[in-house]
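Peer 1: Please read through the structure below; I'll follow up with questions.
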Amino acid sequence: MLQVASLGDYYADVNDDQSTRTNLRERLTAVCAKRPRRIDRFIELSLLGSGLCAASLPESMRLDSQTALYIASGLASMSNVVKVQQQIFVHGEPPKPASFINTLSNSAGYHVARNLDLTGKNIFVSRQNSSFEAILQLAALDFATGASRAALLGVVDECPSPLANQRQRMRLQEGAPLAEGSHWFLLQPAASASSYQPLASISTPRTMQGVTQLAHWLGSQSLDNSALHFIGDVSQLTECADLLAGLPEFVAPLGHYGARSAGIVCRFISTGKQASLLSINQDKMGRFHVMRVDRAD
Amino acid sequence: MESCPYVKLGGVGLTTALGSGKAANLAGLLAAKAQYQQQRLAQFNQPLHGAYLKIQSADTAATAEQRMHRLLDASITEALDNAELEAEEVAQMPVFIGSSSYGIAIAEELYQNSLQDLPPQSARHALPIPLDGFTQISEHLQRRHGFFGADFPYNTACTSSANAILAAHQAIRSGYSRYALVVGIESFNVTTLSGFAGMQLLASDVMRPFDRRRNGLVLGEGCAALLLHGASDDNGLSVCAGATQCDTYSISASNPDGSSIAAVMRAALTEAGIGAGEIAAIKAHGTASPLNDNGEAAAMHQVFDKLPPVVCIKPYVGHTLGACGAIELALLATALEAGVMPASAGFSEPDPELNVSPITTVQSADAGFYMLNFFGFGGNNSSIVVQHKPVQK
């Protein structure tokens, strides 16, 4: 189990009117010791969420410099990548160095590490809508092998305009609500949480090829005082219908973005009514990524 | 699942500018000749030129997607060739992928095609990045090769597949799985080549790591697939340990004083439980860019009282960026299996400021521990220790 020591959470619905977007630069002044330069919105989102998470640490904890840093995203620094593509193929200009560097997803990790004085592992992973589950799996490997004693995980996705283009990339229908978010978790292995009250524990996510495996997993779970959150094609859950009968759905009114499953878990930990959440996240290849979240209170 | 004490390299598949397959790559390494080409990017207002190490056999592919699939298929098929895995073992196997560019070449091609179909005044209607580039590799591995286990697409610049190797090692050592597939892939794309050109990091002709005349790197493309498995013995080539750390000195270069690179090399030695004196040779990152070579040379002198032989592989296959971890381990392992360490092409004039002279002739490879260094943009530094224990035939 992975113990959640603190959370950092930013979420916003977005539309095509840029003037309605939150000015993140202003908010960054509260969480950044130094003013970061040459950064894009993806990096801003990463700095904000990680800063909020670090600021929420229990009093008995401090962020160790060797804390492993994991950032995940569905589509990463899309607004900057789009700008670079237009610069190359429409305007015939090579990318500017800072823009090119920021197309590399781990630039966000560099800025977060610099802001929080982290010098340990710094990893970026993208696995579409199950990117959160991917970095939880990797953090669990770190803990299992003793490679890290704490991990700072962030799941970040931005939404560039025009929204119609982003819907096309995400294979969404016209008018589907879109969002941006930056959801961060400071995790420790279960045995470490002795000096503070963890907010929740998260089981190591599992990746399942099909619904039969999913049904087996569901059958092994205690469903008392639990809620379900499912992302995917609900028609494929018929084999599990008996197991899921009566299980309330945890509803959070979030738009579509790659970090959604992390946003759901943040909201469940903060506001969920049940003790446990079963999160089932189906990817577009039909696999199920599952985990269980147990709130501490 | 029980954890295994050793993590061995059970299969290697390799496609680089040296050729397709282990045998062709070994022959190319031993011949010590790189096939540099001049690549011209005509889509810019001022066309860009630069040396590049391209895979000739992939050039007949009709599309960028087909090209990527060919590289993947050839390498994965070769890596699994002698493994005798059941379909269920493949289906459950975790896959650790490392790449810098993922599907960007596919996205570029689709964008260019849609721009060509529109009059210039309607360019805004063409969709840049029309797909999720990150998923292109893992989806192909599922559809074509049946890898339905958890996939981990790493994107940590030039350390991507090195970090993928370290995570695969962890997965096996922890008992999460008995097998793991690591894939490192980089295929030609305009964004990367023009980005490096814009940063003035490209050499005009050839790569000369640690040489006094070094003037930059040459990019290359390639794909390596590594099948790792748990074992109770350490015969052959095994991945012992490694470390990955973040250096916040600069987003585009490690601290040139070598301190952060030395730290990750020391951490890798500590994880492996060995001393610096036990390293038989170092496969340097060796990008031939002034800042990287300065920092790496300084670090090696800090860690080693007496430098072991230094090997540089990039002059043969180019800097394959996120794929270089898997490709260079695959090449080194192939050479060690043949009992040799390759000569380092491009080096002939030592730089007295660096005091590092990569080996320039093919040398016999002793049993022992070998260190492989990989560094990347974003402050990512990784170092891996492998053990070579020749199998008695």
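Just so we're on the same page: first chain in the structure tokens is A, next is B, and so on; residues restart at 1 for each chain, and ligands are numbered from 1 in the order they show up.
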Within 6 Å of region 173-186 of chain B, counting only C-alpha atoms, which residues qualify if same-chain residues fewer than 3 places away don't, as a PDB file with C-alpha atoms, in the first residue's frame?
Peer 2:
ATOM      1  CA  THR A 145      13.106  -2.437  -3.679  1.00  0.00           C
TER       2      THR A 145
ATOM      3  CA  MET B   1       5.954 -14.216  -7.488  1.00  0.00           C
ATOM      4  CA  GLU B   2       9.372 -14.842  -5.929  1.00  0.00           C
ATOM      5  CA  SER B   3      12.093 -12.338  -6.527  1.00  0.00           C
ATOM      6  CA  CYS B   4      15.213 -13.494  -8.355  1.00  0.00           C
ATOM      7  CA  MET B  93       4.957  -9.064 -19.344  1.00  0.00           C
ATOM      8  CA  PRO B  94       5.513  -5.441 -18.337  1.00  0.00           C
ATOM      9  CA  VAL B  95       6.984  -3.274 -21.075  1.00  0.00           C
ATOM     10  CA  PHE B  96       9.340  -0.389 -20.329  1.00  0.00           C
ATOM     11  CA  ILE B  97       9.710   2.007 -23.246  1.00  0.00           C
ATOM     12  CA  GLY B  98      12.217   4.804 -23.659  1.00  0.00           C
ATOM     13  CA  SER B  99      12.084   7.398 -26.397  1.00  0.00           C
ATOM     14  CA  SER B 161      15.498   4.000 -22.069  1.00  0.00           C
ATOM     15  CA  ALA B 168      12.625  -3.205 -15.567  1.00  0.00           C
ATOM     16  CA  GLN B 170      13.430  -3.244 -10.284  1.00  0.00           C
ATOM     17  CA  GLU B 221      17.936   6.717 -35.309  1.00  0.00           C
ATOM     18  CA  GLY B 222      17.544   3.192 -34.080  1.00  0.00           C
ATOM     19  CA  CYS B 223      15.646   0.692 -32.036  1.00  0.00           C
ATOM     20  CA  ALA B 224      16.704  -1.887 -29.481  1.00  0.00           C
ATOM     21  CA  ALA B 225      14.601  -4.435 -27.662  1.00  0.00           C
ATOM     22  CA  LEU B 226      15.985  -6.103 -24.559  1.00  0.00           C
ATOM     23  CA  LEU B 227      14.377  -9.106 -22.933  1.00  0.00           C
ATOM     24  CA  LEU B 228      15.322  -9.177 -19.250  1.00  0.00           C
ATOM     25  CA  HIS B 229      14.544 -12.107 -16.980  1.00  0.00           C
ATOM     26  CA  GLY B 230      15.125 -13.234 -13.449  1.00  0.00           C
ATOM     27  CA  ALA B 323      16.814   5.231 -27.196  1.00  0.00           C
ATOM     28  CA  ALA B 326      18.794   0.436 -24.731  1.00  0.00           C
TER      29      ALA B 326
END
Peer 1: Can you pull out the residues contacting Gly273 (chain B)? Cut-off 12 Å, using only C-alpha atoms, and skip same-chain residues under 2 positions away; I want them as a ChimeraX atom specification.
Peer 2: /B:240-242,266-271,275-279,369,385-386
Peer 1: As a ChimeraX atom specification, please: all residues of region 51-209 of chain B that backbone DSSP puts in alpha helix (DSSP H).
Peer 2: /B:64-80,87-92,104-116,135-145,160-173,190-198
Peer 1: Report as a PyMOL selection string all protein, DNA and RNA residues lying within 6 Å of Gly181 (chain A), evaluated on only C-alpha atoms, omitting residues in the same chain fewer than 2 positions from it.
Peer 2: chain A and resi 10-11+156-157
Peer 1: Give the residues of chain A that lie within 6 Å of chain B; count only C-alpha atoms, and format the answer as a compact mmCIF listing (two decimals) with N, CA and C atoms, in the first residue's frame.
Peer 2:
# COMPACT_ATOMS: atom_id res chain seq x y z
N VAL A 82 2.46 22.32 -30.03
CA VAL A 82 1.66 22.82 -31.16
C VAL A 82 2.33 24.07 -31.75
N GLY A 92 8.10 27.93 -41.44
CA GLY A 92 9.42 27.59 -41.98
C GLY A 92 10.58 28.03 -41.11
N GLU A 93 10.34 28.11 -39.80
CA GLU A 93 11.40 28.53 -38.88
C GLU A 93 11.74 27.37 -37.93
N PRO A 94 13.02 27.15 -37.65
CA PRO A 94 13.36 26.13 -36.65
C PRO A 94 12.91 26.59 -35.27
N PRO A 95 12.67 25.64 -34.37
CA PRO A 95 12.21 26.04 -33.03
C PRO A 95 13.27 26.84 -32.28
N PRO A 97 15.44 27.68 -29.03
CA PRO A 97 15.98 26.72 -28.06
C PRO A 97 15.08 26.48 -26.84
N PHE A 100 12.05 24.49 -27.87
CA PHE A 100 12.40 23.10 -28.16
C PHE A 100 12.62 22.32 -26.87
N ASN A 106 10.20 16.19 -19.70
CA ASN A 106 10.83 16.23 -18.39
C ASN A 106 11.38 17.62 -18.03
N SER A 107 11.18 18.60 -18.89
CA SER A 107 11.54 19.95 -18.50
C SER A 107 10.73 20.38 -17.27
N TYR A 110 12.43 19.14 -14.26
CA TYR A 110 13.60 19.96 -13.91
C TYR A 110 13.17 21.15 -13.06
N ARG A 114 14.04 21.84 -9.18
CA ARG A 114 14.80 23.06 -8.83
C ARG A 114 14.06 23.86 -7.77
N THR A 119 17.00 16.27 -5.65
CA THR A 119 18.14 15.82 -6.46
C THR A 119 18.10 14.33 -6.74
N GLY A 120 17.03 13.68 -6.37
CA GLY A 120 16.94 12.23 -6.58
C GLY A 120 16.35 11.90 -7.95
N LYS A 121 15.70 10.77 -8.00
CA LYS A 121 15.10 10.30 -9.25
C LYS A 121 14.08 11.32 -9.77
N ASN A 122 14.08 11.54 -11.09
CA ASN A 122 13.19 12.53 -11.69
C ASN A 122 12.66 11.94 -13.00
N PHE A 124 9.53 11.15 -15.96
CA PHE A 124 8.28 11.52 -16.64
C PHE A 124 7.77 10.31 -17.42
N VAL A 125 6.48 10.03 -17.27
CA VAL A 125 5.86 8.89 -17.94
C VAL A 125 4.53 9.34 -18.53
N SER A 126 4.20 8.82 -19.69
CA SER A 126 2.88 9.10 -20.28
C SER A 126 2.22 7.80 -20.71
N THR A 145 11.68 -2.15 -3.60
CA THR A 145 13.11 -2.44 -3.68
C THR A 145 13.93 -1.56 -2.74
N ARG A 169 -7.91 15.41 -30.85
CA ARG A 169 -6.77 14.61 -30.37
C ARG A 169 -7.22 13.56 -29.36
N THR A 207 -2.79 -3.70 -13.91
CA THR A 207 -3.24 -3.57 -15.30
C THR A 207 -3.79 -4.91 -15.75
N GLN A 209 -5.85 -7.32 -18.65
CA GLN A 209 -6.07 -7.42 -20.09
C GLN A 209 -7.55 -7.43 -20.44
Peer 1: Would you work out the distance separating CA of Leu291 (chain B) from CA of Ala262 (chain B), expressed in Å to one decimal?
Peer 2: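 Going from CA of Leu291 (chain B) over to CA of Ala262 (chain B), I get 14.8 Å.
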Peer 1: Can you tell me which residues surround region 287-297 of chain A at a distance of at most 10 Å, considering only C-alpha atoms, apart from same-chain residues fewer than 5 positions away, and format the answer as JSON, numbers by chain?
Peer 2: {"A": [1, 2, 3, 4, 129, 130, 131, 132, 133, 134, 136, 197, 198, 199, 200, 201, 202, 203, 204, 205, 206, 207, 208, 209, 210, 211, 213, 214, 217, 218, 221, 226, 227, 228, 229, 230, 231, 232, 265, 268, 269, 270, 271, 272, 273, 274, 275, 276, 277, 278, 279, 280, 281, 282], "B": [148, 149, 150]}
Peer 1: Counting only C-alpha atoms, what is within 12 Å of Ser357 (chain B), bar same-chain residues fewer than 5 positions away, as a PDB file with N, CA and C atoms, in the first residue's frame?
Peer 2:
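Contents of result.pdb, freshly written:
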ATOM      1  N   ARG B 208      33.279  13.223 -32.380  1.00  0.00           N
ATOM      2  CA  ARG B 208      34.608  12.925 -31.840  1.00  0.00           C
ATOM      3  C   ARG B 208      34.596  13.062 -30.314  1.00  0.00           C
ATOM      4  N   PRO B 209      33.987  12.129 -29.606  1.00  0.00           N
ATOM      5  CA  PRO B 209      33.915  12.264 -28.143  1.00  0.00           C
ATOM      6  C   PRO B 209      35.300  12.350 -27.498  1.00  0.00           C
ATOM      7  N   PHE B 210      35.458  13.289 -26.614  1.00  0.00           N
ATOM      8  CA  PHE B 210      36.661  13.488 -25.802  1.00  0.00           C
ATOM      9  C   PHE B 210      37.887  13.899 -26.631  1.00  0.00           C
ATOM     10  N   ASP B 211      37.699  14.101 -27.916  1.00  0.00           N
ATOM     11  CA  ASP B 211      38.799  14.501 -28.785  1.00  0.00           C
ATOM     12  C   ASP B 211      38.978  16.031 -28.704  1.00  0.00           C
ATOM     13  N   ARG B 212      40.183  16.473 -28.879  1.00  0.00           N
ATOM     14  CA  ARG B 212      40.447  17.908 -28.824  1.00  0.00           C
ATOM     15  C   ARG B 212      39.651  18.678 -29.883  1.00  0.00           C
ATOM     16  N   ILE B 282      34.289   1.617 -18.902  1.00  0.00           N
ATOM     17  CA  ILE B 282      33.136   2.535 -18.873  1.00  0.00           C
ATOM     18  C   ILE B 282      32.663   2.771 -20.300  1.00  0.00           C
ATOM     19  N   ALA B 284      31.060   5.442 -21.989  1.00  0.00           N
ATOM     20  CA  ALA B 284      30.768   6.847 -21.673  1.00  0.00           C
ATOM     21  C   ALA B 284      29.523   7.313 -22.419  1.00  0.00           C
ATOM     22  N   GLY B 286      29.467  10.363 -23.694  1.00  0.00           N
ATOM     23  CA  GLY B 286      30.296  10.809 -24.815  1.00  0.00           C
ATOM     24  C   GLY B 286      29.553  11.408 -25.986  1.00  0.00           C
ATOM     25  N   ASP B 293      31.108  16.509 -22.446  1.00  0.00           N
ATOM     26  CA  ASP B 293      32.374  15.789 -22.316  1.00  0.00           C
ATOM     27  C   ASP B 293      33.218  16.352 -21.170  1.00  0.00           C
ATOM     28  N   ALA B 297      34.141  13.876 -18.173  1.00  0.00           N
ATOM     29  CA  ALA B 297      35.566  13.618 -17.921  1.00  0.00           C
ATOM     30  C   ALA B 297      35.928  13.982 -16.482  1.00  0.00           C
ATOM     31  N   MET B 300      34.558  11.292 -14.148  1.00  0.00           N
ATOM     32  CA  MET B 300      35.278  10.011 -14.167  1.00  0.00           C
ATOM     33  C   MET B 300      36.564  10.121 -13.350  1.00  0.00           C
ATOM     34  N   LEU B 307      41.659   5.672 -14.416  1.00  0.00           N
ATOM     35  CA  LEU B 307      40.522   5.429 -15.311  1.00  0.00           C
ATOM     36  C   LEU B 307      40.605   4.042 -15.940  1.00  0.00           C
ATOM     37  N   PRO B 308      39.520   3.293 -15.886  1.00  0.00           N
ATOM     38  CA  PRO B 308      39.477   2.052 -16.663  1.00  0.00           C
ATOM     39  C   PRO B 308      39.332   2.404 -18.142  1.00  0.00           C
ATOM     40  N   PRO B 309      39.442   1.439 -19.035  1.00  0.00           N
ATOM     41  CA  PRO B 309      39.233   1.753 -20.458  1.00  0.00           C
ATOM     42  C   PRO B 309      37.875   2.419 -20.672  1.00  0.00           C
ATOM     43  N   VAL B 310      37.860   3.407 -21.560  1.00  0.00           N
ATOM     44  CA  VAL B 310      36.623   4.141 -21.871  1.00  0.00           C
ATOM     45  C   VAL B 310      36.205   3.817 -23.305  1.00  0.00           C
ATOM     46  N   VAL B 311      34.946   3.478 -23.463  1.00  0.00           N
ATOM     47  CA  VAL B 311      34.395   3.117 -24.773  1.00  0.00           C
ATOM     48  C   VAL B 311      33.316   4.136 -25.143  1.00  0.00           C
ATOM     49  N   CYS B 312      33.325   4.589 -26.385  1.00  0.00           N
ATOM     50  CA  CYS B 312      32.271   5.505 -26.877  1.00  0.00           C
ATOM     51  C   CYS B 312      31.584   4.860 -28.079  1.00  0.00           C
ATOM     52  N   ALA B 343      36.395  -0.470 -30.563  1.00  0.00           N
ATOM     53  CA  ALA B 343      37.196   0.760 -30.625  1.00  0.00           C
ATOM     54  C   ALA B 343      36.252   1.951 -30.682  1.00  0.00           C
ATOM     55  N   SER B 344      36.748   3.093 -30.246  1.00  0.00           N
ATOM     56  CA  SER B 344      35.927   4.306 -30.276  1.00  0.00           C
ATOM     57  C   SER B 344      36.271   5.102 -31.517  1.00  0.00           C
ATOM     58  N   ALA B 345      35.362   5.107 -32.468  1.00  0.00           N
ATOM     59  CA  ALA B 345      35.613   5.845 -33.710  1.00  0.00           C
ATOM     60  C   ALA B 345      35.646   7.345 -33.421  1.00  0.00           C
ATOM     61  N   GLY B 346      36.348   8.067 -34.223  1.00  0.00           N
ATOM     62  CA  GLY B 346      36.329   9.527 -34.133  1.00  0.00           C
ATOM     63  C   GLY B 346      37.356  10.105 -33.191  1.00  0.00           C
ATOM     64  N   PHE B 347      37.982   9.274 -32.386  1.00  0.00           N
ATOM     65  CA  PHE B 347      38.947   9.818 -31.422  1.00  0.00           C
ATOM     66  C   PHE B 347      40.368   9.595 -31.925  1.00  0.00           C
ATOM     67  N   SER B 348      41.141  10.674 -31.966  1.00  0.00           N
ATOM     68  CA  SER B 348      42.558  10.492 -32.290  1.00  0.00           C
ATOM     69  C   SER B 348      43.451  11.520 -31.605  1.00  0.00           C
ATOM     70  N   GLU B 349      42.888  12.686 -31.267  1.00  0.00           N
ATOM     71  CA  GLU B 349      43.729  13.708 -30.631  1.00  0.00           C
ATOM     72  C   GLU B 349      43.261  13.957 -29.198  1.00  0.00           C
ATOM     73  N   PRO B 350      44.000  13.473 -28.215  1.00  0.00           N
ATOM     74  CA  PRO B 350      43.582  13.684 -26.824  1.00  0.00           C
ATOM     75  C   PRO B 350      43.478  15.170 -26.478  1.00  0.00           C
ATOM     76  N   ASP B 351      42.536  15.482 -25.642  1.00  0.00           N
ATOM     77  CA  ASP B 351      42.379  16.853 -25.148  1.00  0.00           C
ATOM     78  C   ASP B 351      43.030  16.916 -23.775  1.00  0.00           C
ATOM     79  N   PRO B 352      44.137  17.641 -23.647  1.00  0.00           N
ATOM     80  CA  PRO B 352      44.845  17.657 -22.354  1.00  0.00           C
ATOM     81  C   PRO B 352      43.975  18.164 -21.208  1.00  0.00           C
TER      82      PRO B 352
END
Peer 1: Would you kindly return, as a list in words, each protein, DNA or RNA residue with an atom no farther than 8 Å from any atom of region 34-45 of chain A, considering only C-alpha atoms and excluding same-chain residues fewer than 2 positions away?
Peer 2: Tyr10, Leu24, Arg25, Leu28, Thr29, Cys32, Leu47, Leu48, Gly49, Ala76, Ser77, Met78, Ser79, Asn80, Ala98, Asn102, Ser107, Ala108, His111, Asn115, Val156, Asp157, Glu158, Gly181 and Ser182 of chain A
Peer 1: When you look at Gly13 (chain B) with a cut-off of 10 Å (counting only C-alpha atoms), what residues show up, excluding the ones that are within fewer than 6 positions of it in the same chain? I need them as a VMD selection string.
Peer 2: chain B and resid 20 to 22 71 to 81 183 223 to 227 326 to 327 330 to 331 334
Peer 1: Could you check how far CA of Gly322 (chain B) sits from CA of Val239 (chain B), in Å to one decimal?
Peer 2: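 That distance, rounded to one decimal, is 18.9 Å.
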